[in-house]
file my_file03.pdb (PDB, C-alpha atoms and all ligand atoms)
ATOM      1  CA  PRO A  21     151.681  50.055 180.759  1.00  0.00           C
ATOM      2  CA  ARG A  22     153.967  47.479 182.345  1.00  0.00           C
ATOM      3  CA  ARG A  23     154.786  47.635 186.011  1.00  0.00           C
ATOM      4  CA  VAL A  24     158.350  48.862 186.523  1.00  0.00           C
ATOM      5  CA  HIS A  25     160.520  47.455 189.299  1.00  0.00           C
ATOM      6  CA  LEU A  26     163.369  49.352 190.874  1.00  0.00           C
ATOM      7  CA  ALA A  27     166.434  47.402 191.936  1.00  0.00           C
ATOM      8  CA  PRO A  28     168.918  49.488 193.941  1.00  0.00           C
ATOM      9  CA  SER A  29     172.446  48.108 193.572  1.00  0.00           C
ATOM     10  CA  LEU A  30     174.068  47.434 196.931  1.00  0.00           C
ATOM     11  CA  LEU A  31     177.486  48.026 195.351  1.00  0.00           C
ATOM     12  CA  SER A  32     177.002  51.748 196.033  1.00  0.00           C
ATOM     13  CA  CYS A  33     175.622  51.436 199.559  1.00  0.00           C
ATOM     14  CA  ASP A  34     177.467  52.027 202.834  1.00  0.00           C
ATOM     15  CA  PHE A  35     178.644  48.506 203.755  1.00  0.00           C
ATOM     16  CA  THR A  36     179.149  49.502 207.383  1.00  0.00           C
ATOM     17  CA  ARG A  37     175.371  50.028 207.517  1.00  0.00           C
ATOM     18  CA  LEU A  38     174.137  47.242 205.240  1.00  0.00           C
ATOM     19  CA  GLY A  39     171.098  46.393 207.367  1.00  0.00           C
ATOM     20  CA  GLU A  40     169.956  50.031 207.582  1.00  0.00           C
ATOM     21  CA  GLU A  41     170.506  50.592 203.868  1.00  0.00           C
ATOM     22  CA  LEU A  42     168.340  47.543 203.137  1.00  0.00           C
ATOM     23  CA  ARG A  43     165.611  48.910 205.401  1.00  0.00           C
ATOM     24  CA  THR A  44     165.754  52.259 203.630  1.00  0.00           C
ATOM     25  CA  ILE A  45     165.155  50.587 200.250  1.00  0.00           C
ATOM     26  CA  GLN A  46     162.434  48.268 201.580  1.00  0.00           C
ATOM     27  CA  SER A  47     159.869  50.104 199.411  1.00  0.00           C
ATOM     28  CA  ALA A  48     161.826  49.113 196.309  1.00  0.00           C
ATOM     29  CA  ASP A  49     160.907  45.748 194.912  1.00  0.00           C
ATOM     30  CA  TRP A  50     164.343  44.225 194.670  1.00  0.00           C
ATOM     31  CA  ALA A  51     167.911  44.583 195.878  1.00  0.00           C
ATOM     32  CA  HIS A  52     170.573  44.047 193.208  1.00  0.00           C
ATOM     33  CA  VAL A  53     173.722  42.278 194.391  1.00  0.00           C
ATOM     34  CA  ASP A  54     176.840  42.676 192.203  1.00  0.00           C
ATOM     35  CA  VAL A  55     179.339  39.855 192.582  1.00  0.00           C
ATOM     36  CA  MET A  56     182.711  40.451 190.848  1.00  0.00           C
ATOM     37  CA  ASP A  57     185.637  38.042 190.773  1.00  0.00           C
ATOM     38  CA  GLY A  58     188.557  40.104 189.461  1.00  0.00           C
ATOM     39  CA  GLN A  59     188.707  37.788 186.423  1.00  0.00           C
ATOM     40  CA  PHE A  60     185.566  38.225 184.392  1.00  0.00           C
ATOM     41  CA  VAL A  61     185.659  41.902 185.332  1.00  0.00           C
ATOM     42  CA  PRO A  62     188.663  43.949 186.470  1.00  0.00           C
ATOM     43  CA  ASN A  63     187.306  44.482 189.971  1.00  0.00           C
ATOM     44  CA  ILE A  64     186.492  42.448 193.062  1.00  0.00           C
ATOM     45  CA  SER A  65     183.368  43.386 194.988  1.00  0.00           C
ATOM     46  CA  PHE A  66     182.042  40.849 197.506  1.00  0.00           C
ATOM     47  CA  GLY A  67     180.698  37.346 197.584  1.00  0.00           C
ATOM     48  CA  LEU A  68     178.812  34.726 199.545  1.00  0.00           C
ATOM     49  CA  PRO A  69     179.141  36.010 203.146  1.00  0.00           C
ATOM     50  CA  ILE A  70     177.814  39.457 202.219  1.00  0.00           C
ATOM     51  CA  LEU A  71     174.911  37.939 200.300  1.00  0.00           C
ATOM     52  CA  ALA A  72     174.122  35.770 203.334  1.00  0.00           C
ATOM     53  CA  ALA A  73     174.212  38.849 205.593  1.00  0.00           C
ATOM     54  CA  ALA A  74     171.870  40.716 203.259  1.00  0.00           C
ATOM     55  CA  ARG A  75     169.552  37.693 203.299  1.00  0.00           C
ATOM     56  CA  ARG A  76     169.341  37.806 207.096  1.00  0.00           C
ATOM     57  CA  ALA A  77     168.524  41.518 206.979  1.00  0.00           C
ATOM     58  CA  THR A  78     165.793  41.741 204.349  1.00  0.00           C
ATOM     59  CA  THR A  79     162.786  40.134 202.713  1.00  0.00           C
ATOM     60  CA  LEU A  80     163.455  42.010 199.451  1.00  0.00           C
ATOM     61  CA  PHE A  81     163.932  39.891 196.315  1.00  0.00           C
ATOM     62  CA  LEU A  82     167.713  39.411 196.146  1.00  0.00           C
ATOM     63  CA  ASP A  83     168.697  39.756 192.504  1.00  0.00           C
ATOM     64  CA  VAL A  84     172.263  38.462 192.196  1.00  0.00           C
ATOM     65  CA  HIS A  85     174.302  39.573 189.182  1.00  0.00           C
ATOM     66  CA  LEU A  86     177.221  37.184 188.797  1.00  0.00           C
ATOM     67  CA  MET A  87     180.168  38.868 187.087  1.00  0.00           C
ATOM     68  CA  ILE A  88     182.316  35.791 187.517  1.00  0.00           C
ATOM     69  CA  ASP A  89     183.977  33.312 185.166  1.00  0.00           C
ATOM     70  CA  ARG A  90     182.259  29.954 184.804  1.00  0.00           C
ATOM     71  CA  PRO A  91     179.417  30.823 187.152  1.00  0.00           C
ATOM     72  CA  GLU A  92     178.079  27.254 187.068  1.00  0.00           C
ATOM     73  CA  ARG A  93     180.757  26.404 189.651  1.00  0.00           C
ATOM     74  CA  TYR A  94     178.993  28.541 192.259  1.00  0.00           C
ATOM     75  CA  LEU A  95     175.284  28.562 191.433  1.00  0.00           C
ATOM     76  CA  ARG A  96     174.352  26.216 194.258  1.00  0.00           C
ATOM     77  CA  ASP A  97     176.407  28.222 196.768  1.00  0.00           C
ATOM     78  CA  PHE A  98     174.715  31.481 195.810  1.00  0.00           C
ATOM     79  CA  ALA A  99     171.310  29.830 195.919  1.00  0.00           C
ATOM     80  CA  ASP A 100     172.071  28.444 199.384  1.00  0.00           C
ATOM     81  CA  ALA A 101     173.328  31.856 200.555  1.00  0.00           C
ATOM     82  CA  GLY A 102     169.921  33.364 199.825  1.00  0.00           C
ATOM     83  CA  ALA A 103     169.699  34.529 196.218  1.00  0.00           C
ATOM     84  CA  ASP A 104     166.173  34.689 194.803  1.00  0.00           C
ATOM     85  CA  GLY A 105     167.373  35.251 191.258  1.00  0.00           C
ATOM     86  CA  LEU A 106     170.736  34.510 189.625  1.00  0.00           C
ATOM     87  CA  THR A 107     171.891  36.247 186.463  1.00  0.00           C
ATOM     88  CA  VAL A 108     174.795  34.884 184.441  1.00  0.00           C
ATOM     89  CA  HIS A 109     176.804  36.413 181.583  1.00  0.00           C
ATOM     90  CA  VAL A 110     176.833  34.717 178.172  1.00  0.00           C
ATOM     91  CA  GLU A 111     180.531  35.616 177.892  1.00  0.00           C
ATOM     92  CA  ALA A 112     181.415  33.835 181.125  1.00  0.00           C
ATOM     93  CA  THR A 113     180.610  30.255 180.162  1.00  0.00           C
ATOM     94  CA  PRO A 114     180.562  28.062 177.057  1.00  0.00           C
ATOM     95  CA  HIS A 115     177.444  26.433 178.529  1.00  0.00           C
ATOM     96  CA  ILE A 116     174.960  29.248 179.003  1.00  0.00           C
ATOM     97  CA  HIS A 117     171.973  27.002 178.383  1.00  0.00           C
ATOM     98  CA  ARG A 118     173.084  24.526 181.010  1.00  0.00           C
ATOM     99  CA  ALA A 119     173.766  27.339 183.505  1.00  0.00           C
ATOM    100  CA  VAL A 120     170.242  28.691 183.028  1.00  0.00           C
ATOM    101  CA  GLN A 121     168.805  25.189 183.449  1.00  0.00           C
ATOM    102  CA  GLN A 122     170.772  24.695 186.642  1.00  0.00           C
ATOM    103  CA  ILE A 123     169.455  27.928 188.128  1.00  0.00           C
ATOM    104  CA  ARG A 124     165.895  26.802 187.494  1.00  0.00           C
ATOM    105  CA  GLU A 125     166.625  23.366 188.937  1.00  0.00           C
ATOM    106  CA  LEU A 126     167.750  25.136 192.093  1.00  0.00           C
ATOM    107  CA  GLY A 127     164.306  26.718 192.229  1.00  0.00           C
ATOM    108  CA  LYS A 128     165.576  30.247 191.522  1.00  0.00           C
ATOM    109  CA  LYS A 129     164.687  32.814 188.869  1.00  0.00           C
ATOM    110  CA  ALA A 130     167.108  32.507 185.970  1.00  0.00           C
ATOM    111  CA  GLY A 131     168.597  35.566 184.315  1.00  0.00           C
ATOM    112  CA  VAL A 132     170.922  35.989 181.361  1.00  0.00           C
ATOM    113  CA  THR A 133     172.973  39.055 180.517  1.00  0.00           C
ATOM    114  CA  LEU A 134     175.553  40.363 178.085  1.00  0.00           C
ATOM    115  CA  ASN A 135     178.171  43.100 177.881  1.00  0.00           C
ATOM    116  CA  PRO A 136     177.650  46.213 175.727  1.00  0.00           C
ATOM    117  CA  GLY A 137     180.064  44.859 173.080  1.00  0.00           C
ATOM    118  CA  THR A 138     178.393  41.462 172.731  1.00  0.00           C
ATOM    119  CA  PRO A 139     175.926  40.954 169.853  1.00  0.00           C
ATOM    120  CA  LEU A 140     172.346  40.493 171.054  1.00  0.00           C
ATOM    121  CA  GLU A 141     172.145  37.265 169.065  1.00  0.00           C
ATOM    122  CA  ALA A 142     174.224  35.641 171.807  1.00  0.00           C
ATOM    123  CA  VAL A 143     171.260  35.563 174.209  1.00  0.00           C
ATOM    124  CA  ARG A 144     168.604  34.716 171.657  1.00  0.00           C
ATOM    125  CA  PRO A 145     168.836  30.906 171.956  1.00  0.00           C
ATOM    126  CA  VAL A 146     167.977  30.999 175.677  1.00  0.00           C
ATOM    127  CA  LEU A 147     165.356  33.770 175.649  1.00  0.00           C
ATOM    128  CA  ALA A 148     162.468  31.335 175.993  1.00  0.00           C
ATOM    129  CA  ASP A 149     164.127  29.701 179.005  1.00  0.00           C
ATOM    130  CA  VAL A 150     164.828  32.694 181.234  1.00  0.00           C
ATOM    131  CA  ASP A 151     162.876  34.754 183.755  1.00  0.00           C
ATOM    132  CA  LEU A 152     165.002  37.836 183.187  1.00  0.00           C
ATOM    133  CA  VAL A 153     167.176  39.373 180.487  1.00  0.00           C
ATOM    134  CA  LEU A 154     169.625  42.043 181.604  1.00  0.00           C
ATOM    135  CA  VAL A 155     170.962  44.625 179.173  1.00  0.00           C
ATOM    136  CA  MET A 156     174.248  45.994 180.487  1.00  0.00           C
ATOM    137  CA  SER A 157     174.322  49.701 179.697  1.00  0.00           C
ATOM    138  CA  VAL A 158     177.914  50.134 180.931  1.00  0.00           C
ATOM    139  CA  ASN A 159     180.888  47.815 180.810  1.00  0.00           C
ATOM    140  CA  PRO A 160     180.517  45.825 184.013  1.00  0.00           C
ATOM    141  CA  GLY A 161     182.988  46.199 186.853  1.00  0.00           C
ATOM    142  CA  PHE A 162     182.293  49.551 188.453  1.00  0.00           C
ATOM    143  CA  GLY A 163     179.449  51.694 189.684  1.00  0.00           C
ATOM    144  CA  GLY A 164     179.077  55.329 188.717  1.00  0.00           C
ATOM    145  CA  GLN A 165     179.775  55.027 184.983  1.00  0.00           C
ATOM    146  CA  LYS A 166     177.973  56.831 182.166  1.00  0.00           C
ATOM    147  CA  PHE A 167     174.989  55.194 180.432  1.00  0.00           C
ATOM    148  CA  ILE A 168     175.952  54.033 176.900  1.00  0.00           C
ATOM    149  CA  PRO A 169     173.293  55.594 174.616  1.00  0.00           C
ATOM    150  CA  GLN A 170     173.273  52.710 172.082  1.00  0.00           C
ATOM    151  CA  SER A 171     171.795  50.594 174.881  1.00  0.00           C
ATOM    152  CA  LEU A 172     168.361  52.050 174.087  1.00  0.00           C
ATOM    153  CA  ASP A 173     168.322  50.337 170.692  1.00  0.00           C
ATOM    154  CA  ARG A 174     169.404  47.083 172.308  1.00  0.00           C
ATOM    155  CA  ILE A 175     166.559  47.324 174.824  1.00  0.00           C
ATOM    156  CA  ARG A 176     164.060  47.926 171.985  1.00  0.00           C
ATOM    157  CA  THR A 177     165.283  44.900 170.041  1.00  0.00           C
ATOM    158  CA  LEU A 178     165.108  42.618 173.083  1.00  0.00           C
ATOM    159  CA  ARG A 179     161.658  43.973 173.905  1.00  0.00           C
ATOM    160  CA  ARG A 180     160.528  42.962 170.435  1.00  0.00           C
ATOM    161  CA  TRP A 181     162.083  39.491 170.654  1.00  0.00           C
ATOM    162  CA  LEU A 182     160.500  38.836 174.062  1.00  0.00           C
ATOM    163  CA  ASP A 183     157.106  40.041 172.850  1.00  0.00           C
ATOM    164  CA  GLU A 184     157.362  37.833 169.759  1.00  0.00           C
ATOM    165  CA  LEU A 185     157.911  34.854 172.043  1.00  0.00           C
ATOM    166  CA  GLY A 186     155.112  35.942 174.341  1.00  0.00           C
ATOM    167  CA  SER A 187     157.695  35.834 177.130  1.00  0.00           C
ATOM    168  CA  PRO A 188     156.809  37.403 180.478  1.00  0.00           C
ATOM    169  CA  ALA A 189     160.528  37.730 181.353  1.00  0.00           C
ATOM    170  CA  GLU A 190     161.706  40.894 183.038  1.00  0.00           C
ATOM    171  CA  LEU A 191     163.786  43.158 180.807  1.00  0.00           C
ATOM    172  CA  GLN A 192     166.302  44.670 183.183  1.00  0.00           C
ATOM    173  CA  VAL A 193     168.796  47.472 182.533  1.00  0.00           C
ATOM    174  CA  ASP A 194     171.943  48.029 184.581  1.00  0.00           C
ATOM    175  CA  GLY A 195     174.520  50.810 184.459  1.00  0.00           C
ATOM    176  CA  GLY A 196     174.286  54.574 184.547  1.00  0.00           C
ATOM    177  CA  VAL A 197     170.525  54.600 185.091  1.00  0.00           C
ATOM    178  CA  SER A 198     169.465  57.948 186.564  1.00  0.00           C
ATOM    179  CA  PRO A 199     166.439  60.256 186.753  1.00  0.00           C
ATOM    180  CA  THR A 200     167.690  61.779 183.471  1.00  0.00           C
ATOM    181  CA  ASN A 201     167.339  58.606 181.399  1.00  0.00           C
ATOM    182  CA  ALA A 202     164.983  56.361 183.410  1.00  0.00           C
ATOM    183  CA  ARG A 203     161.893  57.378 181.423  1.00  0.00           C
ATOM    184  CA  ALA A 204     163.615  56.723 178.070  1.00  0.00           C
ATOM    185  CA  VAL A 205     164.827  53.322 179.301  1.00  0.00           C
ATOM    186  CA  VAL A 206     161.298  52.318 180.295  1.00  0.00           C
ATOM    187  CA  ASN A 207     159.840  53.697 177.062  1.00  0.00           C
ATOM    188  CA  ALA A 208     162.304  51.488 175.170  1.00  0.00           C
ATOM    189  CA  GLY A 209     160.731  48.486 176.896  1.00  0.00           C
ATOM    190  CA  ALA A 210     162.563  47.878 180.169  1.00  0.00           C
ATOM    191  CA  THR A 211     160.590  46.564 183.156  1.00  0.00           C
ATOM    192  CA  CYS A 212     163.312  46.658 185.799  1.00  0.00           C
ATOM    193  CA  LEU A 213     165.851  49.377 186.469  1.00  0.00           C
ATOM    194  CA  VAL A 214     169.032  48.762 188.425  1.00  0.00           C
ATOM    195  CA  ALA A 215     170.508  51.892 189.974  1.00  0.00           C
ATOM    196  CA  GLY A 216     173.506  52.206 192.252  1.00  0.00           C
ATOM    197  CA  SER A 217     174.942  55.703 192.448  1.00  0.00           C
ATOM    198  CA  ALA A 218     171.574  57.283 191.554  1.00  0.00           C
ATOM    199  CA  VAL A 219     170.002  55.708 194.657  1.00  0.00           C
ATOM    200  CA  PHE A 220     172.764  55.730 197.271  1.00  0.00           C
ATOM    201  CA  GLY A 221     173.753  59.381 196.845  1.00  0.00           C
ATOM    202  CA  SER A 222     174.958  61.772 199.512  1.00  0.00           C
ATOM    203  CA  ASP A 223     171.392  62.547 200.609  1.00  0.00           C
ATOM    204  CA  GLY A 224     170.506  58.915 201.182  1.00  0.00           C
ATOM    205  CA  ALA A 225     168.662  56.095 199.477  1.00  0.00           C
ATOM    206  CA  ALA A 226     165.148  57.296 200.308  1.00  0.00           C
ATOM    207  CA  ALA A 227     165.726  60.554 198.425  1.00  0.00           C
ATOM    208  CA  GLY A 228     167.466  58.741 195.572  1.00  0.00           C
ATOM    209  CA  LEU A 229     164.584  56.310 195.132  1.00  0.00           C
ATOM    210  CA  GLU A 230     162.081  59.156 195.251  1.00  0.00           C
ATOM    211  CA  ARG A 231     163.886  61.018 192.446  1.00  0.00           C
ATOM    212  CA  LEU A 232     163.759  57.918 190.248  1.00  0.00           C
ATOM    213  CA  ARG A 233     160.050  57.407 190.953  1.00  0.00           C
ATOM    214  CA  GLU A 234     159.325  61.037 190.113  1.00  0.00           C
ATOM    215  CA  ALA A 235     161.167  60.674 186.813  1.00  0.00           C
ATOM    216  CA  LEU A 236     158.977  57.682 185.947  1.00  0.00           C
ATOM    217  CA  LYS A 237     155.662  59.395 186.671  1.00  0.00           C
TER
HETATM  218  C1  LIG A 301     178.258  47.404 187.202  1.00  0.00           C
HETATM  219  C2  LIG A 301     177.194  46.775 188.066  1.00  0.00           C
HETATM  220  C3  LIG A 301     176.080  47.697 188.326  1.00  0.00           C
HETATM  221  C4  LIG A 301     176.454  48.934 189.104  1.00  0.00           C
HETATM  222  C5  LIG A 301     175.488  50.015 188.718  1.00  0.00           C
HETATM  223  O1  LIG A 301     179.228  46.465 186.938  1.00  0.00           O
HETATM  224  O2  LIG A 301     176.675  45.635 187.428  1.00  0.00           O
HETATM  225  O3  LIG A 301     174.992  47.013 188.953  1.00  0.00           O
HETATM  226  O4  LIG A 301     176.413  48.745 190.493  1.00  0.00           O
HETATM  227  O5  LIG A 301     175.917  51.209 189.277  1.00  0.00           O
HETATM  228  P1  LIG A 301     175.451  52.610 188.672  1.00  0.00           P
HETATM  229  O6  LIG A 301     173.964  52.645 188.785  1.00  0.00           O
HETATM  230  O7  LIG A 301     176.119  53.605 189.560  1.00  0.00           O
HETATM  231  O8  LIG A 301     175.918  52.644 187.257  1.00  0.00           O
HETATM  232 ZN    ZN A 302     174.794  44.751 188.261  1.00  0.00          ZN
END

call {"tool": "encode", "arguments": {"input": "my_file03.pdb", "output": "structure tokens", "more": "lines below"}}
Ligand code: DX5
Ligand code: ZN
result
Amino acid sequence: PRRVHLAPSLLSCDFTRLGEELRTIQSADWAHVDVMDGQFVPNISFGLPILAAARRATTLFLDVHLMIDRPERYLRDFADAGADGLTVHVEATPHIHRAVQQIRELGKKAGVTLNPGTPLEAVRPVLADVDLVLVMSVNPGFGGQKFIPQSLDRIRTLRRWLDELGSPAELQVDGGVSPTNARAVVNAGATCLVAGSAVFGSDGAAAGLERLREALK
């Protein structure tokens, strides 16, 4: 079986204690950083200074999910601020191939993603050129939403396409992932689970992570 990475989403953490929250999730493999611009998605989260602060506080792989229009304008800035991986939306630029190329030229892991309403075919032309494919299982913009069940079929199809290419890319899933559906998501072919509200619950990130790990056993 494939090794599964957990990527807690900092969007749901306590920003007044960012450093401590990062220490609590140190046993996870990645930290997922959700950047929203109020244009591509109807919400504004945080940007470069918060990423830079996270970078100073952790050695975790910083997996930056750019929910911003025309992300190519800012790829270098996010790379300089400490991103290890940058994921861009196919809907956000007419030049997805160039954006992916630019991320690799910056020496970072390149990810591509798409909204639940976007046909999977939209990412197919760049599949061989990415290190990560992210299936959004909610409409991006907010934490704490319900997992869209049709996402499982989309994960299966992308799993098949990646396997056909012999691609080692991570197949990541983001939105509404919880101990209830984590096993099904992995069985469908995912290798990396993003989880915000399921990790940073009222009893803390350590307990949240533990519940997810238990569900995957
Ligand atoms: C949604 C973000 C997600 C979000 C996940 O726009 O991309 O990463 O933080 O939060 P949960 O796990 O609560 O759905
Ligand atoms: Zn995200």

call {"tool": "residues_around", "arguments": {"input": "my_file03.pdb", "residues": "A:Arg180", "least_positions_apart": "2", "cutoff": "12 Å", "atoms": "all atoms listed in the file", "output": "MDAnalysis selection string"}}
result
chainID A and resid 144 147 173:178 182:187 191 208:210

call {"tool": "resolve_selection", "arguments": {"input": "my_file03.pdb", "expression": "the PyMOL selection byres (((chain A and resi 61) around 12) and not hetatm)", "output": "VMD selection string"}}
result
chain A and resid 54 to 60 62 to 65 86 to 89 109 111 to 112 135 159 to 162

call {"tool": "resolve_selection", "arguments": {"input": "my_file03.pdb", "expression": "the PyMOL selection byres (((not hetatm)) within 12 of (chain A and resi 302))", "output": "PyMOL selection string"}}
result
chain A and resi 27-32+51-56+61+65+82-88+106-109+131-135+154-165+192-197+212-217

call {"tool": "atom_distance", "arguments": {"input": "my_file03.pdb", "atom1": "atom CA of A:Cys33", "atom2": "atom CA of A:Lys166"}}
result
18.4 Å

call {"tool": "closest_residue", "arguments": {"input": "my_file03.pdb", "among": "A:Asp104, A:Ile123, A:Phe66, A:Ala74", "to": "ligand LIG 301 (chain A)", "atoms": "all atoms listed in the file"}}
result
A:Phe66

call {"tool": "closest_residue", "arguments": {"input": "my_file03.pdb", "among": "A:Asp100, A:Val110, A:Leu26, A:Pro145", "to": "ligand LIG 301 (chain A)", "atoms": "only C-alpha atoms and all ligand atoms"}}
result
A:Leu26

call {"tool": "axis_aligned_box", "arguments": {"input": "my_file03.pdb", "around": "ligand LIG 301 (chain A)", "padding_each_side": "5 Å", "output": "JSON"}}
result
{"center_x": 176.6, "center_y": 49.6, "center_z": 188.7, "size_x": 15.3, "size_y": 18.0, "size_z": 13.6}

call {"tool": "residues_around", "arguments": {"input": "my_file03.pdb", "residues": "A:Phe98", "least_positions_apart": "2", "cutoff": "9 Å", "atoms": "only C-alpha atoms", "output": "CSV table (one decimal) with C-alpha atoms, in the frame of the given file"}}
result
chain,number,residue,atom,x,y,z
A,67,GLY,CA,180.7,37.3,197.6
A,68,LEU,CA,178.8,34.7,199.5
A,71,LEU,CA,174.9,37.9,200.3
A,72,ALA,CA,174.1,35.8,203.3
A,84,VAL,CA,172.3,38.5,192.2
A,94,TYR,CA,179.0,28.5,192.3
A,95,LEU,CA,175.3,28.6,191.4
A,96,ARG,CA,174.4,26.2,194.3
A,100,ASP,CA,172.1,28.4,199.4
A,101,ALA,CA,173.3,31.9,200.6
A,102,GLY,CA,169.9,33.4,199.8
A,103,ALA,CA,169.7,34.5,196.2
A,106,LEU,CA,170.7,34.5,189.6

call {"tool": "closest_residue", "arguments": {"input": "my_file03.pdb", "among": "A:Ala226, A:Ile168, A:Ala148, A:Ala189", "to": "ligand LIG 301 (chain A)", "atoms": "only C-alpha atoms and all ligand atoms"}}
result
A:Ile168

call {"tool": "atom_distance", "arguments": {"input": "my_file03.pdb", "atom1": "atom CA of A:Val150", "atom2": "atom CA of A:Lys129"}}
result
7.6 Å

call {"tool": "residues_around", "arguments": {"input": "my_file03.pdb", "residues": "A:Leu229", "least_positions_apart": "4", "cutoff": "8 Å", "atoms": "all atoms listed in the file", "output": "ChimeraX atom specification"}}
result
/A:45,48,218-219,225,233

call {"tool": "write_last_selection", "arguments": {"input": "my_file03.pdb", "atoms": "C-alpha atoms", "output": "PDB file, keeping the file's coordinate frame"}}
result
ATOM      1  CA  ILE A  45     165.155  50.587 200.250  1.00  0.00           C
ATOM      2  CA  ALA A  48     161.826  49.113 196.309  1.00  0.00           C
ATOM      3  CA  ALA A 218     171.574  57.283 191.554  1.00  0.00           C
ATOM      4  CA  VAL A 219     170.002  55.708 194.657  1.00  0.00           C
ATOM      5  CA  ALA A 225     168.662  56.095 199.477  1.00  0.00           C
ATOM      6  CA  ARG A 233     160.050  57.407 190.953  1.00  0.00           C
TER       7      ARG A 233
END

call {"tool": "atom_distance", "arguments": {"input": "my_file03.pdb", "atom1": "atom CA of A:Phe81", "atom2": "atom CA of A:Gly105"}}
result
7.7 Å

call {"tool": "closest_residue", "arguments": {"input": "my_file03.pdb", "among": "A:Pro91, A:Gly127, A:Gly39, A:Gly137", "to": "A:Arg75", "atoms": "all atoms listed in the file"}}
result
A:Gly39

call {"tool": "closest_residue", "arguments": {"input": "my_file03.pdb", "among": "A:Asp151, A:Ala235, A:Asn207, A:Pro136", "to": "ligand LIG 301 (chain A)", "atoms": "all atoms listed in the file"}}
result
A:Pro136

call {"tool": "decode", "arguments": {"input": "my_file03.pdb", "residues": "stretch 141-194 of chain A", "atoms": "C-alpha atoms", "output": "CSV table (one decimal), in the first residue's frame"}}
result
chain,number,residue,atom,x,y,z
A,141,GLU,CA,-10.0,16.8,-18.4
A,142,ALA,CA,-8.8,20.3,-17.5
A,143,VAL,CA,-5.8,18.9,-15.6
A,144,ARG,CA,-5.0,16.1,-17.9
A,145,PRO,CA,-2.6,18.0,-20.2
A,146,VAL,CA,-0.2,18.8,-17.3
A,147,LEU,CA,-0.5,15.5,-15.4
A,148,ALA,CA,3.0,14.4,-16.6
A,149,ASP,CA,4.5,17.7,-15.5
A,150,VAL,CA,3.4,18.0,-11.9
A,151,ASP,CA,4.5,16.6,-8.5
A,152,LEU,CA,1.0,16.8,-7.0
A,153,VAL,CA,-2.6,16.8,-8.2
A,154,LEU,CA,-5.2,18.1,-5.7
A,155,VAL,CA,-8.8,17.1,-5.9
A,156,MET,CA,-10.9,19.7,-4.2
A,157,SER,CA,-13.7,17.9,-2.4
A,158,VAL,CA,-15.5,21.1,-1.4
A,159,ASN,CA,-15.8,24.4,-3.2
A,160,PRO,CA,-12.7,26.3,-2.0
A,161,GLY,CA,-13.0,29.4,0.2
A,162,PHE,CA,-13.9,28.1,3.6
A,163,GLY,CA,-12.9,25.5,6.1
A,164,GLY,CA,-15.5,23.3,7.8
A,165,GLN,CA,-17.6,22.3,4.8
A,166,LYS,CA,-19.1,18.9,4.0
A,167,PHE,CA,-17.2,16.5,1.8
A,168,ILE,CA,-18.8,16.2,-1.7
A,169,PRO,CA,-19.4,12.5,-2.2
A,170,GLN,CA,-18.8,12.6,-6.0
A,171,SER,CA,-15.2,13.4,-5.2
A,172,LEU,CA,-14.5,9.7,-4.7
A,173,ASP,CA,-15.1,9.0,-8.3
A,174,ARG,CA,-12.9,11.9,-9.3
A,175,ILE,CA,-10.1,10.6,-7.1
A,176,ARG,CA,-10.4,7.1,-8.7
A,177,THR,CA,-10.2,8.5,-12.2
A,178,LEU,CA,-7.2,10.6,-11.4
A,179,ARG,CA,-5.6,7.6,-9.7
A,180,ARG,CA,-6.0,5.6,-12.9
A,181,TRP,CA,-4.6,8.4,-15.1
A,182,LEU,CA,-1.6,8.9,-12.9
A,183,ASP,CA,-0.9,5.1,-12.9
A,184,GLU,CA,-1.3,4.9,-16.6
A,185,LEU,CA,1.4,7.6,-16.9
A,186,GLY,CA,3.6,5.9,-14.3
A,187,SER,CA,3.5,9.2,-12.5
A,188,PRO,CA,4.8,9.2,-8.9
A,189,ALA,CA,2.8,12.5,-8.2
A,190,GLU,CA,1.0,12.8,-4.9
A,191,LEU,CA,-2.8,12.6,-5.2
A,192,GLN,CA,-4.0,15.0,-2.6
A,193,VAL,CA,-7.6,15.6,-1.4
A,194,ASP,CA,-8.8,18.8,0.3
